[in-house]
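S.K.: Pasting in a structure now, in structure tokens, and then I'll have a few things to ask.
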Amino acid sequence: MGVKVATSVGDGGAVEMTRDELRDDIEAGSEAGAKRAKVPPLVARRCSRGVGVGDVGYPALDGVSIPRHEIDRRIANVREQLAGRGLEALIIFSSPGSLRFGQRGHVLYLSGYEPYFGDCMMILPLDDGIGAVLVKDAADYFPETCTWITDVRDAGDRVAVAGEFLSANGLDRSSIGVAGEYSVSPTLYSRLLETVGPARLGTASDILERERSAKSEFELGCLKKAAAIAAKGFEAAASFMRPGVTESDVMGEMERVCREHGSQAFPHHTMVVSGRDEAHLSYWWRCGPRTLGPGDPVSIDFGTMYQGYCCDLSRPFVVGRASERQKDVLKVLLEAHHAAAEAARPGVRVSAVDEAANRILTAAWGDQDWWGIGHGVGLEVHEWPFIGYQRIVDDGAYEDRVLEENMVVSLEPTMSSPDTGDMQIEDQFVVTGSGAVRLNTIPHRITEV
């Protein structure tokens, strides 16, 4: 039985309707049908053109809503890349998570469906006359309204599904790409390679990595909203922080306030690290029971999520008054931050952005092997392009990529020393021809509390 999405009110009283029943009712009576089903007329007009109720947006498991025109744009772009490589279909894997190898975003980006428990799979054929397939994750929880795909399968043998799909659609001798292969087990990938054939199956994750790197207006709006929510979290921290509270207390208050303002999740640990003890600061990604005291430096690095899109921001705080040394460090960090943002233009390699920041840091504090100044941000909190990680040569995701218009990058110069504690400034920027533009208005300062 389909998921009930609307109530139709007629002579016989209220009747629960599935999505397909609702579409049929609306198409039969256009706006009159929409009125009976309590659907806005705009939706009815779209349905009467054969687009479907989902044109308004596909609410995924965590409330993600992707407009239909946005989905259409993404699929058209990916199919263009498939055609250019001579690929007849793309098999896409995703698994829960928000870091480099979790990649919740690949299937979500094209389908609207997000995995919750275990891997999921989507097959997108080049031929738009062949329907796409979505294989759910192991949780087997699925709201029909989250996706435009009608051929949805239960979790099971994904390799068998892929083999049967290719055979049934005459693609069993075609070249096939696979994206998100790093999200599945070596056993599954080996079976897929055997089923499709080593000569016909090739990795094509870079198609989606590059497609997702440049953001649309819809995506930029989501990223800006996530940052605006995070600003409320920093304000909450400043109001709440005082001697006697713990790092975990501050984290809890920030996350409570951000939830109230619409954050769907926190894409990485909310990091509240305090004091000057190097042993404690080395665990900067965790919050603990450490109690804040007078004069403590506090570094906060966290993110929020809106419509599935993440932000990743960092600001320094001091319980009391900032020292002159801390103020001097902030000036250098901001100079490096601005230099990197100015360098981040279309056609520039990410290594040049890294070098722009490193020149400032090295001039101030010497060669401390500065590297890894930033990364992309989107459906994943850490995604492409990665800035300053090109020394990692065994993974193409870290290559020295060329920036493109509308890529979103996080820039995060950092300094840690015994007299200042951890200090970091992190923001997201959108790459434009005149330099990178910051996606938030959170003040660049040491907040004294």
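Following the order of the structure tokens, chains are lettered A, B, ..., residues in each are numbered from 1, and ligands are numbered from 1.
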For region 298-309 of chain A, please output as a list of chain:residue names all residues within 6 Å (counting only C-alpha atoms; exclusion window: fewer than 2 positions along the same chain).

M.R.: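 That gives A:Val64, A:Cys222, A:Leu223, A:Ala226, A:Ala230, A:Ser263, A:Gln264, A:Ala265, A:Phe266, A:Thr270, A:Met271, A:Val272, A:Val273, A:Ser274, A:Cys311, A:Asp312, A:Leu313, A:Ser314, A:Arg315, A:Pro316, A:Phe317, A:Val318, A:Gly378, A:Leu379, A:Asp422, A:Met423.
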
S.K.: Just write the chosen residues, N, CA and C atoms, as a short mmCIF file (atom, residue, chain, number, x, y, z; two decimals), in the first residue's frame.

M.R.:
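The result, stored in again-v4.cif:
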```cif
data_model
loop_
_atom_site.label_atom_id
_atom_site.label_comp_id
_atom_site.auth_asym_id
_atom_site.auth_seq_id
_atom_site.Cartn_x
_atom_site.Cartn_y
_atom_site.Cartn_z
N VAL A 64 14.83 16.82 4.03
CA VAL A 64 15.42 17.44 2.86
C VAL A 64 14.35 17.64 1.81
N CYS A 222 20.70 27.23 0.74
CA CYS A 222 20.71 26.30 1.87
C CYS A 222 21.96 26.47 2.72
N LEU A 223 23.10 26.67 2.07
CA LEU A 223 24.36 26.84 2.80
C LEU A 223 24.35 28.13 3.61
N ALA A 226 22.15 27.56 6.67
CA ALA A 226 22.85 26.77 7.69
C ALA A 226 23.81 27.65 8.48
N ALA A 230 23.97 28.62 12.48
CA ALA A 230 25.18 28.46 13.28
C ALA A 230 25.53 29.74 14.02
N SER A 263 18.20 23.74 12.76
CA SER A 263 19.26 22.81 12.34
C SER A 263 18.75 21.38 12.39
N GLN A 264 18.92 20.65 11.28
CA GLN A 264 18.46 19.26 11.21
C GLN A 264 19.44 18.30 11.85
N ALA A 265 20.71 18.69 11.88
CA ALA A 265 21.74 17.80 12.41
C ALA A 265 23.01 18.61 12.62
N PHE A 266 24.04 17.94 13.11
CA PHE A 266 25.36 18.55 13.30
C PHE A 266 26.35 17.66 12.58
N THR A 270 30.56 18.73 17.50
CA THR A 270 30.61 20.12 17.94
C THR A 270 31.81 20.24 18.87
N MET A 271 32.85 20.89 18.39
CA MET A 271 34.14 20.90 19.09
C MET A 271 34.26 22.15 19.94
N VAL A 272 34.28 21.97 21.23
CA VAL A 272 34.53 23.05 22.18
C VAL A 272 35.75 22.63 22.98
N VAL A 273 36.90 23.23 22.68
CA VAL A 273 38.14 22.82 23.33
C VAL A 273 38.72 24.04 24.06
N SER A 274 39.09 23.86 25.31
CA SER A 274 39.47 24.99 26.16
C SER A 274 40.83 24.77 26.82
N CYS A 311 27.21 23.52 7.12
CA CYS A 311 28.20 24.57 7.25
C CYS A 311 29.26 24.07 8.22
N ASP A 312 30.41 24.74 8.23
CA ASP A 312 31.54 24.34 9.06
C ASP A 312 32.28 25.62 9.44
N LEU A 313 32.13 26.06 10.68
CA LEU A 313 32.60 27.38 11.10
C LEU A 313 33.40 27.29 12.38
N SER A 314 34.32 28.23 12.57
CA SER A 314 35.11 28.25 13.79
C SER A 314 35.39 29.68 14.22
N ARG A 315 35.35 29.91 15.54
CA ARG A 315 35.66 31.21 16.12
C ARG A 315 36.35 31.01 17.46
N PRO A 316 37.23 31.97 17.85
CA PRO A 316 37.90 31.91 19.16
C PRO A 316 37.16 32.71 20.23
N PHE A 317 37.23 32.22 21.46
CA PHE A 317 36.63 32.87 22.62
C PHE A 317 37.67 32.92 23.74
N VAL A 318 37.46 33.80 24.69
CA VAL A 318 38.27 33.84 25.90
C VAL A 318 37.34 34.10 27.08
N GLY A 378 29.19 20.93 1.35
CA GLY A 378 27.90 20.83 0.67
C GLY A 378 27.01 19.85 1.41
N LEU A 379 26.59 18.79 0.74
CA LEU A 379 25.84 17.73 1.42
C LEU A 379 26.72 16.99 2.41
N ASP A 422 44.30 26.94 21.35
CA ASP A 422 43.90 26.78 19.95
C ASP A 422 43.18 28.03 19.47
N MET A 423 43.55 28.50 18.28
CA MET A 423 42.85 29.63 17.66
C MET A 423 42.64 29.31 16.19
#
```

S.K.: I'd like the neighbourhood of region 178-191 of chain A as an mmCIF file with C-alpha atoms, in the first residue's frame, where a residue qualifies if any of its atoms comes within 8 Å (using only C-alpha atoms), though same-chain residues fewer than 2 positions away should be ignored.

M.R.:
```cif
data_model
loop_
_atom_site.group_PDB
_atom_site.id
_atom_site.type_symbol
_atom_site.label_atom_id
_atom_site.label_comp_id
_atom_site.auth_asym_id
_atom_site.auth_seq_id
_atom_site.Cartn_x
_atom_site.Cartn_y
_atom_site.Cartn_z
ATOM 1 C CA LEU A 90 25.900 4.918 -13.737
ATOM 2 C CA ILE A 91 25.613 2.666 -10.669
ATOM 3 C CA ILE A 92 25.724 4.873 -7.570
ATOM 4 C CA PHE A 93 26.324 3.820 -3.979
ATOM 5 C CA SER A 94 25.858 5.769 -0.747
ATOM 6 C CA SER A 95 26.121 4.898 2.910
ATOM 7 C CA PHE A 101 34.136 7.790 2.869
ATOM 8 C CA GLY A 102 30.606 7.967 4.261
ATOM 9 C CA GLN A 103 29.179 9.792 1.256
ATOM 10 C CA HIS A 106 25.747 10.741 -3.905
ATOM 11 C CA ASP A 119 24.212 1.067 1.911
ATOM 12 C CA VAL A 159 24.653 -6.863 -7.350
ATOM 13 C CA ILE A 176 29.014 1.090 -17.152
ATOM 14 C CA LEU A 193 33.111 -6.283 -11.165
ATOM 15 C CA GLU A 194 32.625 -9.977 -11.877
ATOM 16 C CA THR A 195 28.957 -9.542 -12.828
ATOM 17 C CA LEU A 201 32.916 -1.484 -15.475
ATOM 18 C CA GLY A 202 34.932 1.590 -14.578
ATOM 19 C CA THR A 203 35.042 3.971 -11.617
ATOM 20 C CA ALA A 204 33.316 7.277 -12.332
ATOM 21 C CA SER A 205 32.956 8.845 -8.890
ATOM 22 C CA ASP A 206 34.610 11.992 -10.189
ATOM 23 C CA ILE A 207 31.510 12.694 -12.306
ATOM 24 C CA LEU A 208 29.433 13.222 -9.183
#
```

S.K.: Quick one: residues within 12 Å of Ile442 (chain A), only C-alpha atoms, excluding same-chain residues fewer than 4 positions away - as a list of chain:residue names?

M.R.: A:Lys224, A:Ala227, A:Ala228, A:Ile229, A:Ala230, A:Ala231, A:Lys232, A:Gly233, A:Phe234, A:Glu235, A:Leu313, A:Ser314, A:Arg315, A:Pro316, A:Ile425, A:Glu426, A:Asp427, A:Gln428, A:Arg438, A:Ile446, A:Thr447

S.K.: Write the residues of the preceding selection, restricted to C-alpha atoms, as a PDB file, in the first residue's frame.

M.R.:
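The result, stored in out_20.pdb:
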```pdb
ATOM      1  CA  LYS A 224      23.701  30.460   3.782  1.00  0.00           C
ATOM      2  CA  ALA A 227      25.455  29.438   8.487  1.00  0.00           C
ATOM      3  CA  ALA A 228      22.783  31.817   9.790  1.00  0.00           C
ATOM      4  CA  ILE A 229      21.602  29.089  12.161  1.00  0.00           C
ATOM      5  CA  ALA A 230      25.181  28.463  13.284  1.00  0.00           C
ATOM      6  CA  ALA A 231      25.503  32.166  14.089  1.00  0.00           C
ATOM      7  CA  LYS A 232      22.784  31.647  16.689  1.00  0.00           C
ATOM      8  CA  GLY A 233      24.907  28.869  18.159  1.00  0.00           C
ATOM      9  CA  PHE A 234      27.921  31.153  18.558  1.00  0.00           C
ATOM     10  CA  GLU A 235      25.705  33.776  20.176  1.00  0.00           C
ATOM     11  CA  LEU A 313      32.601  27.377  11.099  1.00  0.00           C
ATOM     12  CA  SER A 314      35.113  28.246  13.792  1.00  0.00           C
ATOM     13  CA  ARG A 315      35.656  31.208  16.116  1.00  0.00           C
ATOM     14  CA  PRO A 316      37.903  31.911  19.156  1.00  0.00           C
ATOM     15  CA  ILE A 425      38.958  31.189  11.919  1.00  0.00           C
ATOM     16  CA  GLU A 426      36.829  29.127   9.543  1.00  0.00           C
ATOM     17  CA  ASP A 427      34.232  30.245   7.007  1.00  0.00           C
ATOM     18  CA  GLN A 428      32.679  29.045   3.751  1.00  0.00           C
ATOM     19  CA  ARG A 438      31.907  34.757   2.372  1.00  0.00           C
ATOM     20  CA  ILE A 446      37.912  37.018  19.748  1.00  0.00           C
ATOM     21  CA  THR A 447      34.711  36.969  21.765  1.00  0.00           C
TER      22      THR A 447
END
```

S.K.: Among the residues of region 265-361 of chain A, find those DSSP assigns to alpha helix (DSSP H) from the backbone and print them as a ChimeraX atom specification.

M.R.: /A:278-281,324-343,350-361

S.K.: What does the distance between CA of Ile149 (chain A) and CA of Ala214 (chain A) come to in Å, to one decimal place?

M.R.: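 These atoms are spaced 24.2 Å apart.
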
S.K.: Counting only C-alpha atoms, what is within 9 Å of Ala341 (chain A), bar same-chain residues fewer than 3 positions away, as an mmCIF file with N, CA and C atoms, in the first residue's frame?

M.R.:
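To be explicit, this is the file written out as out_4.cif:
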```cif
data_model
loop_
_atom_site.group_PDB
_atom_site.id
_atom_site.type_symbol
_atom_site.label_atom_id
_atom_site.label_comp_id
_atom_site.auth_asym_id
_atom_site.auth_seq_id
_atom_site.Cartn_x
_atom_site.Cartn_y
_atom_site.Cartn_z
ATOM 1 N N ALA A 336 45.862 35.646 6.637
ATOM 2 C CA ALA A 336 45.966 34.418 5.845
ATOM 3 C C ALA A 336 44.618 34.031 5.257
ATOM 4 N N HIS A 337 43.588 34.200 6.040
ATOM 5 C CA HIS A 337 42.214 33.917 5.610
ATOM 6 C C HIS A 337 41.852 34.760 4.399
ATOM 7 N N HIS A 338 42.131 36.062 4.484
ATOM 8 C CA HIS A 338 41.788 36.973 3.396
ATOM 9 C C HIS A 338 42.639 36.701 2.163
ATOM 10 N N ALA A 344 41.215 32.576 -4.344
ATOM 11 C CA ALA A 344 40.264 31.539 -4.760
ATOM 12 C C ALA A 344 39.362 32.065 -5.871
ATOM 13 N N ARG A 345 39.822 31.902 -7.108
ATOM 14 C CA ARG A 345 39.085 32.370 -8.290
ATOM 15 C C ARG A 345 38.987 31.242 -9.317
ATOM 16 N N VAL A 353 45.803 28.511 -3.678
ATOM 17 C CA VAL A 353 45.046 29.046 -2.539
ATOM 18 C C VAL A 353 45.745 28.682 -1.239
ATOM 19 N N ALA A 356 48.847 30.794 -0.818
ATOM 20 C CA ALA A 356 48.571 32.184 -0.451
ATOM 21 C C ALA A 356 48.433 32.335 1.057
ATOM 22 N N ALA A 357 47.763 31.383 1.685
ATOM 23 C CA ALA A 357 47.633 31.418 3.141
ATOM 24 C C ALA A 357 48.949 31.068 3.824
ATOM 25 N N LEU A 411 37.720 27.800 4.312
ATOM 26 C CA LEU A 411 39.092 28.217 4.570
ATOM 27 C C LEU A 411 39.267 28.322 6.077
ATOM 28 N N PHE A 429 33.141 30.045 1.614
ATOM 29 C CA PHE A 429 33.160 31.060 0.573
ATOM 30 C C PHE A 429 32.668 30.445 -0.725
ATOM 31 N N VAL A 431 33.212 30.682 -4.753
ATOM 32 C CA VAL A 431 34.239 31.142 -5.686
ATOM 33 C C VAL A 431 33.588 31.972 -6.792
ATOM 34 N N GLY A 435 37.085 36.968 -6.768
ATOM 35 C CA GLY A 435 37.529 36.466 -5.476
ATOM 36 C C GLY A 435 36.400 35.771 -4.759
ATOM 37 N N ALA A 436 36.739 35.086 -3.680
ATOM 38 C CA ALA A 436 35.732 34.318 -2.952
ATOM 39 C C ALA A 436 34.888 35.230 -2.066
ATOM 40 N N VAL A 437 33.601 34.926 -1.990
ATOM 41 C CA VAL A 437 32.652 35.724 -1.217
ATOM 42 C C VAL A 437 32.165 34.902 -0.033
ATOM 43 N N ARG A 438 32.274 35.479 1.151
ATOM 44 C CA ARG A 438 31.907 34.757 2.372
ATOM 45 C C ARG A 438 30.391 34.557 2.449
#
```

S.K.: Show me, as a PyMOL selection string, the residues that have an atom within 8 Å of Cys120 (chain A) when counting only C-alpha atoms, minus same-chain residues fewer than 4 positions from it.

M.R.: chain A and resi 93-95+107+115+134-138+155

S.K.: Just asking: which residues within region 170-404 of chain A are strand (DSSP E) according to DSSP, as a PyMOL selection string?

M.R.: chain A and resi 176-179+201-203+271-274+297-302+305-306+309-310+313-318+374-376+383-387

S.K.: Considering only C-alpha atoms, can you say which of A:Cys146, A:Ala132, A:Leu330, A:Met121 comes closest to Ala160 (chain A)?

M.R.: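 With only C-alpha atoms as the atom set, the closest residue is A:Met121.
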
S.K.: Taking into account only C-alpha atoms, which residue in the set A:Gln390, A:Ser65, A:Ser248, A:Thr291 is nearest to Ser351 (chain A)?

M.R.: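 Of A:Gln390, A:Ser65, A:Ser248, A:Thr291, the one nearest Ser351 (chain A), counting only C-alpha atoms, is A:Gln390.
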